[in-house]
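**Student:** What follows is a single structure, and I will ask about it in a moment.
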Amino acid sequence: METVVVQKYNLDEEQEKKEIVRHYRALLRALKPRLKKGDRELVRTAFEMAADAHKEMRRKSGEPYILHPLAVSQICVEEIGLGVRSAICALLHDTVEDTEVTLEDVAREFGSEIAHIVDGLTKISTVIDSSTSTAQAENFKKILLTLADDPRVILIKLADRLHNMRTLDSMSREKQLKIASETVFIYAPLAHRLGLYNIKSEMEDLAMKYTEQQTYREIARRLKETKRERTRYINEFIKPIKEVLQEEGFEFEIYGRPKSIHSIHNKIKTKGVAFEEVYDLFAIRIILDSALDKEKADCWKVYSIITDFYHPSPERTRDWLSNPKSNGYEALHVTVMGPSGKWVEVQIRSKRMNDYAEKGVAAHWRYKEGSPNPQQESKFDQWFTQIREILNNPDSNTLDFLADFKSNLFTEEIYVYTPKGDLKILPVNSTALDFAYSIHSAVGNKCIGAKVNYKLVPLSHKLRSGDQVEIITSNKQKPSEDWLNFVLTAKAKSKIKDALKEEKRKVAMDGKATLERKLDHMKISTSQHNISELVQFYKQPSPLDLYYQIAVKNIDLKELKQFSILGDKLEPPKPVKIPEHVPEEHVKHSLPSKKDAELIIFGESSDKIAYKLANCCRPIPGDDVFGFITASEGLKIHRTNCPNAAQLLANYGHRVVKTKWVKNREISFLTGLRIIGMDDVGVIHKITNIISGELKINISALSIESKEGLFEGLIKVYVHDKEELDELVERLKKLDGIQSIQRLEES
């Protein structure tokens with residue numbers, strides 16, 4: 001297996017100075033078109049302040065720390081399109097947190113606006129590593145609060161994260177996993193939502209480089225091998241279109257660019273196809289230099305020229321000219337059948353649209369003064385309003401909030417209309433109830449049904465683009481728990497939870513009165529100490545839940561007799577105080593299981609520990625894995641590409657244990673394969689012959705379904721490690737008529 005070689009850092013002091021000056025000059029060159037009178041001096045002052053503050057500090061790679069703020073600043077200017085003030089903030093982004101420089105120093109030197117942004121960046125960073133399970137989610141909430149306040153804070157934070165991802169090689173394996181997972185879980189969706197597609201794609205690719213190393217390297221190798229062939233094909237495809245566009249007098253750029261490794265991998269996974277069969281490994285981009293009032297007409301004209309040469313696929317045409325995405329993206333996408341029967345995606349946009357597509361929210365702010373398109377402007381502003389609305393709810397459970405909000409970051413949108421013809425943009429798979437809440441929370445809470453295109457539908461009816469929706473309400477209606485099972489938007493979920501909580505609070509007040517009477521009768525006060533003792537004794541998450549359970553008669557308080565009373569304090573009966581689970585620091589001493597304790601070494605020591613393999617991904621020796629300390633089941637082992645890995649690593653990094661396999665050929669692990677192929681005579685015999693006969697692997701279960709000339713087989717086998725499984729897959733792929741083989745996530 002190929003290994004990543006990390007270059008040793010070996011510059012002397014003189015070379016270091018030259019390197020720092022080179023980066024500083026590159027930043028000034030990037031800023032040149034933006035520099036107004038006095039700006040160059042301000043940038044110089046910021047650079048000197050940062051260089052002096054960080055002069056004793058080095059990065060993990062060994063290089064001077066100042067190279068990091070310089071790189072972040074350059075990403076802000078060149079790749080996000082921010083200006084001089086943002087570049088200054090980026091240079092200073094770590095000073096207040098990590099050095100002697102104070103916020104007052106920054107404000108005195110550069111004014112309150114820059115100090116405010118640096119303060120926002122400091123607040124985001126200071127909460128990251130904490131032992132509470134919701135630390136990451138709380139951190140994310142803070143990020144969003146600053147985003148709603150001044151979007152430059154989050155744009156600089158994204159640049160900071162991108163540079164950290166680009167220089168992740170010198171970090172330890174656990175740090176790489178944690179940072180990569182956090183990036184894919186929070187920062188890539190944010191970049192997507194803010195219209196920064198290039199940054200989002202690079203973040204996903206870099207995260208995959210560390211979480212799924214083998215797959216990443218394999219796809220990167222294949223892309224490199226097919227580069228020449230791809231370039232030849234792109235040139236052949238472009239030639240006739242280019243000629244006609246020149247004849248028609250268009251000013252344009254046309255080029256092909258490869259899709260990201262992450263998106264190619266997703267296609268392979270979701271479509272179950274081999275690399276060679278992923279038809280859109282690249283997209284052709286046509287960027288027109290058109291006047292604002294002619295943009296749309298020109299894009300459609302180019303569409304018509306392309307479809308004169310190549311047949312379009314109607315269901316893969318996307319018109320984001322008439323209805324831009326809610327992150328401001330405008331373009332016309334068409335997929336056509338190119339030479340040699342290959343599908344090719346073509347993206348048509350104007351220079352202005354391309355600026356939005358690459359610089360997202362930053363371009364939005366640049367165009368905002370005298371905005372030619374008020375609809376465009378309101379898209380971002382609506383979204384920021386929505387963020388404020390969700391964040392201003394102090395009761396929401398932070399992890400719930402994060403899950404709900406994240407689901408809204410990545411989803412594609414649908415466009416639906418009110419009876420008056422007003423347009424509402426919702427995520428794909430939104431229901432009639434989501435639509436009701438998008439109008440107003442009071443409409444959602446009282447919604448009993450809807451008419452979609454004049455037909456009566458239930459609340460859970462999924463909407464499609466173009467639907468016209470009329471909401472029917474009743475004053476007797478109240479939100480119910482099962483509504484949470486089908487609404488999709490964060491706003492609807494948080495409003496339903498609020499209403500349910502309010503309802504629960506009313507019921508809980510009866511329970512509180514019952515408890516107060518009982519304690520009063522026992523001549524004990526309802527002090528905070530006594531209530532928290534009861535909450536712990538009855539294993540309730542909060543006093544509100546305790547009152548509620550008393551009110552609905554799930555707790556009848558007869559156990560109060562077992563409590564001792566010391567002065568005015570309740571003391572719980574002794575036996576109940578046995579701890580339920582082993583604290584994290586004592587996990588090492590749990591009993592090793594005979595079956596498989598010697599398979600894994602944790603941390604730096606070789607202590608043998610009991611653990612379980614996670615059912616969500618069923619790891620086997622040789623897989624990239626990490627250990628995770630659960631609250632109730634001790635240590636669980638997950639694959640780094642497990643569907644739940646990103647969330648666990650991003651939100652609970654402090655519970656992750658370093659893990660690696662040691663060889664043990666005595667123990668077999670159950671894993672599964674899904675095989676799809678031609679339903680040929682004797683094919684099953686050939687498969688079982690390779691597994692049992694040639695490789696001597698035990699089969700645990702085998703089921704085959706044949707349908708219209710194809711078969712799908714699910715095979716569960718016992719293997720010793722990943723090498724053995726990989727060899728089995730390679731041997732099976734060589735059989736005639738086998739179309740695809742996938743490892744089952746669960747076995």
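Numbering starts fresh at 1 for the residues of each chain in the structure tokens, the chains themselves are lettered A, B, ... in the order given, and ligands are numbered from 1 as they appear.
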Please report, as JSON lines, each residue of region 158-179 of chain A lying at most 10 Å from region 192-215 of chain A, together with the nearest pair of atoms and the separation in Å rounded to one decimal; use only C-alpha atoms, and order rows by chain and ascending residue number.

**Tutor:**
```
{"residue": "A:Leu158", "atom": "CA", "partner": "A:Ile199", "partner_atom": "CA", "distance": 8.4}
{"residue": "A:Ala159", "atom": "CA", "partner": "A:Ile199", "partner_atom": "CA", "distance": 8.5}
{"residue": "A:Arg161", "atom": "CA", "partner": "A:Met203", "partner_atom": "CA", "distance": 8.6}
{"residue": "A:Leu162", "atom": "CA", "partner": "A:Met203", "partner_atom": "CA", "distance": 6.5}
{"residue": "A:His163", "atom": "CA", "partner": "A:Met203", "partner_atom": "CA", "distance": 9.7}
{"residue": "A:Met165", "atom": "CA", "partner": "A:Leu206", "partner_atom": "CA", "distance": 6.5}
{"residue": "A:Arg166", "atom": "CA", "partner": "A:Leu206", "partner_atom": "CA", "distance": 7.2}
{"residue": "A:Thr167", "atom": "CA", "partner": "A:Leu206", "partner_atom": "CA", "distance": 9.9}
{"residue": "A:Leu168", "atom": "CA", "partner": "A:Tyr210", "partner_atom": "CA", "distance": 8.8}
{"residue": "A:Asp169", "atom": "CA", "partner": "A:Tyr210", "partner_atom": "CA", "distance": 9.0}
{"residue": "A:Arg173", "atom": "CA", "partner": "A:Tyr210", "partner_atom": "CA", "distance": 8.5}
{"residue": "A:Gln176", "atom": "CA", "partner": "A:Tyr210", "partner_atom": "CA", "distance": 6.6}
{"residue": "A:Leu177", "atom": "CA", "partner": "A:Thr211", "partner_atom": "CA", "distance": 6.2}
{"residue": "A:Lys178", "atom": "CA", "partner": "A:Thr211", "partner_atom": "CA", "distance": 9.4}
{"residue": "A:Ile179", "atom": "CA", "partner": "A:Ala207", "partner_atom": "CA", "distance": 8.2}
```

**Student:** Using CA of Ile241 (chain A) and CA of His262 (chain A) as the two end points, give the distance in Å to one decimal.

**Tutor:**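 Going from CA of Ile241 (chain A) over to CA of His262 (chain A), I get 29.6 Å.
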
**Student:** Need the shell around region 539-556 of chain A: protein/DNA/RNA residues with any atom at most 8 Å away, counting only C-alpha atoms. Skip same-chain ones fewer than 6 positions apart. Format as an MDAnalysis selection string?

**Tutor:** chainID A and resid 504:505 507:512 514:515 531:532

**Student:** Kindly give the distance, in Å, that separates CA of Arg349 (chain A) and CA of Lys239 (chain A), rounded to a single decimal.

**Tutor:**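 Rounded to one decimal, the two atoms are 18.8 Å apart.
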
**Student:** With a distance cut-off of 10 Å and only C-alpha atoms, select the neighbouring residues of Val43 (chain A), excluding the residue or stretch itself and same-chain residues fewer than 3 positions from it, and output the selection as a list of chain:residue names.

**Tutor:**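 The filter keeps A:Tyr24, A:Leu27, A:Leu28, A:Leu31, A:Leu35, A:Gly38, A:Asp39, A:Arg40, A:Ala46, A:Phe47, A:Glu48, A:Met49, A:Val84, A:Arg85, A:Ala87, A:Ile88, A:Cys89, A:Leu91, A:Phe110.
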
**Student:** What's the 7 Å shell around Ser706 (chain A), counting only C-alpha atoms, without same-chain residues fewer than 5 positions away, as a VMD selection string?

**Tutor:** chain A and resid 679 711 to 712
